Amino acid sequence: MITQIDITGIHYETKADIKKYIRKKIGRLDRFVPRHARKSIKVEVVLQELKTKSDRNQCEVIMHLPEQMITAKDSTVNMFAAVDIVEKKLKNQLNKYKATHGGDHQDRHGRLRKFLRRKPRQDAI
């Protein structure tokens with residue numbers, strides 16, 4: 001669970017229910033980070049109410065990881081929906097980060113082993 005989460009609001013009153021929801025959703029993302037980097041994760045969440053007619057609520061999450069900073073931003077009508085979309089974007093980016101920076105199981109599905117074990121075709125000769 002990510003413990004260092006800073007939640008700020010720009011022209012938006014951050015209530016207890018949205019803070020709890022953000023801590024629950026963003027706090028779970030540590031499982032997508034390699035173990036050696038989990039203790040040094042810092043997250044900044046910026047909630048902003050825009051003055052446009054269609055998408056009024058914007059959520060931006062900045063994740064400080066070793067050697068990299070990951071950001072995701074989305075704006076929708078509902079702030080809870082914006083948090084959900086940003087969480088999904090962060091999951092995809094963290095999976096890429098874990099693949100490049102060495103996760104716990106780098107070759108989880110045996111793709112490399114299957115490639116190396118593949119025998120040459122006999123009909124190609």
# chains A, B, ... in the order shown; residues from 1 in each chain; ligands from 1
$ select_by_dssp --residues "segment 25-121 of chain A" --states "strand (DSSP E)" --output "PyMOL selection string"
chain A and resi 42-49+57-65+68-76
$ closest_atom_pairs --of "segment 5-44 of chain A" --to "segment 56-73 of chain A" --cutoff "6 Å" --atoms "only C-alpha atoms" --output "JSON lines"
{"residue": "A:Ile41", "atom": "CA", "partner": "A:Leu65", "partner_atom": "CA", "distance": 5.4}
{"residue": "A:Lys42", "atom": "CA", "partner": "A:His64", "partner_atom": "CA", "distance": 5.1}
{"residue": "A:Val43", "atom": "CA", "partner": "A:Met63", "partner_atom": "CA", "distance": 4.6}
{"residue": "A:Glu44", "atom": "CA", "partner": "A:Ile62", "partner_atom": "CA", "distance": 5.1}
$ write_last_selection --atoms "C-alpha atoms" --output "mmCIF file, in the first residue's frame"
data_model
loop_
_atom_site.group_PDB
_atom_site.id
_atom_site.type_symbol
_atom_site.label_atom_id
_atom_site.label_comp_id
_atom_site.auth_asym_id
_atom_site.auth_seq_id
_atom_site.Cartn_x
_atom_site.Cartn_y
_atom_site.Cartn_z
ATOM 1 C CA ILE A 41 7.127 5.808 -4.133
ATOM 2 C CA LYS A 42 5.646 9.277 -3.695
ATOM 3 C CA VAL A 43 2.321 10.234 -5.275
ATOM 4 C CA GLU A 44 0.812 13.661 -5.853
#
$ atom_distance --atom1 "atom CA of Asp6 of chain A" --atom2 "atom CA of Ile26 of chain A"
11.0 Å
$ atom_distance --atom1 "atom CA of Thr76 of chain A" --atom2 "atom CA of Ser54 of chain A"
7.8 Å
$ closest_residue --among "A:Ala16, A:Ile10, A:Ile22, A:Leu50" --to "Val86 of chain A" --atoms "only C-alpha atoms"
A:Ile22
$ residues_around --residues "Lys24 of chain A" --least-positions-apart "5" --cutoff "12 Å" --atoms "only C-alpha atoms" --output "list of chain:residue names"
A:Met1, A:Ile2, A:Thr3, A:Ile5, A:Asp17, A:Ile18, A:Lys19, A:Leu29, A:Asp30, A:Phe80, A:Val83, A:Asp84, A:Glu87
$ write_last_selection --atoms "N, CA and C atoms" --output "mmCIF file, in the first residue's frame"
data_model
loop_
_atom_site.group_PDB
_atom_site.id
_atom_site.type_symbol
_atom_site.label_atom_id
_atom_site.label_comp_id
_atom_site.auth_asym_id
_atom_site.auth_seq_id
_atom_site.Cartn_x
_atom_site.Cartn_y
_atom_site.Cartn_z
ATOM 1 N N MET A 1 0.838 -1.181 0.000
ATOM 2 C CA MET A 1 0.000 0.000 0.000
ATOM 3 C C MET A 1 0.884 1.246 0.000
ATOM 4 N N ILE A 2 0.609 2.134 -0.906
ATOM 5 C CA ILE A 2 1.363 3.383 -0.991
ATOM 6 C C ILE A 2 0.895 4.302 0.135
ATOM 7 N N THR A 3 1.835 4.765 0.944
ATOM 8 C CA THR A 3 1.467 5.577 2.092
ATOM 9 C C THR A 3 1.672 7.068 1.861
ATOM 10 N N ILE A 5 0.803 9.735 -0.152
ATOM 11 C CA ILE A 5 -0.103 10.273 -1.167
ATOM 12 C C ILE A 5 -0.516 11.672 -0.735
ATOM 13 N N ASP A 17 -14.786 11.679 1.480
ATOM 14 C CA ASP A 17 -15.117 10.502 0.674
ATOM 15 C C ASP A 17 -14.232 10.376 -0.565
ATOM 16 N N ILE A 18 -13.904 11.498 -1.223
ATOM 17 C CA ILE A 18 -13.033 11.423 -2.396
ATOM 18 C C ILE A 18 -11.593 11.113 -1.973
ATOM 19 N N LYS A 19 -11.172 11.635 -0.824
ATOM 20 C CA LYS A 19 -9.830 11.310 -0.329
ATOM 21 C C LYS A 19 -9.697 9.821 -0.014
ATOM 22 N N LEU A 29 -1.808 0.518 -6.245
ATOM 23 C CA LEU A 29 -0.954 0.425 -7.423
ATOM 24 C C LEU A 29 0.469 -0.022 -7.108
ATOM 25 N N ASP A 30 0.809 -0.177 -5.845
ATOM 26 C CA ASP A 30 2.166 -0.616 -5.515
ATOM 27 C C ASP A 30 2.426 -2.052 -5.956
ATOM 28 N N PHE A 80 -15.058 10.932 -9.446
ATOM 29 C CA PHE A 80 -14.794 9.520 -9.161
ATOM 30 C C PHE A 80 -14.464 8.764 -10.449
ATOM 31 N N VAL A 83 -10.909 9.558 -11.495
ATOM 32 C CA VAL A 83 -9.931 8.798 -10.708
ATOM 33 C C VAL A 83 -9.819 7.375 -11.253
ATOM 34 N N ASP A 84 -10.944 6.772 -11.616
ATOM 35 C CA ASP A 84 -10.917 5.417 -12.180
ATOM 36 C C ASP A 84 -10.128 5.369 -13.491
ATOM 37 N N GLU A 87 -6.443 5.786 -12.848
ATOM 38 C CA GLU A 87 -5.877 4.566 -12.265
ATOM 39 C C GLU A 87 -5.568 3.542 -13.363
#
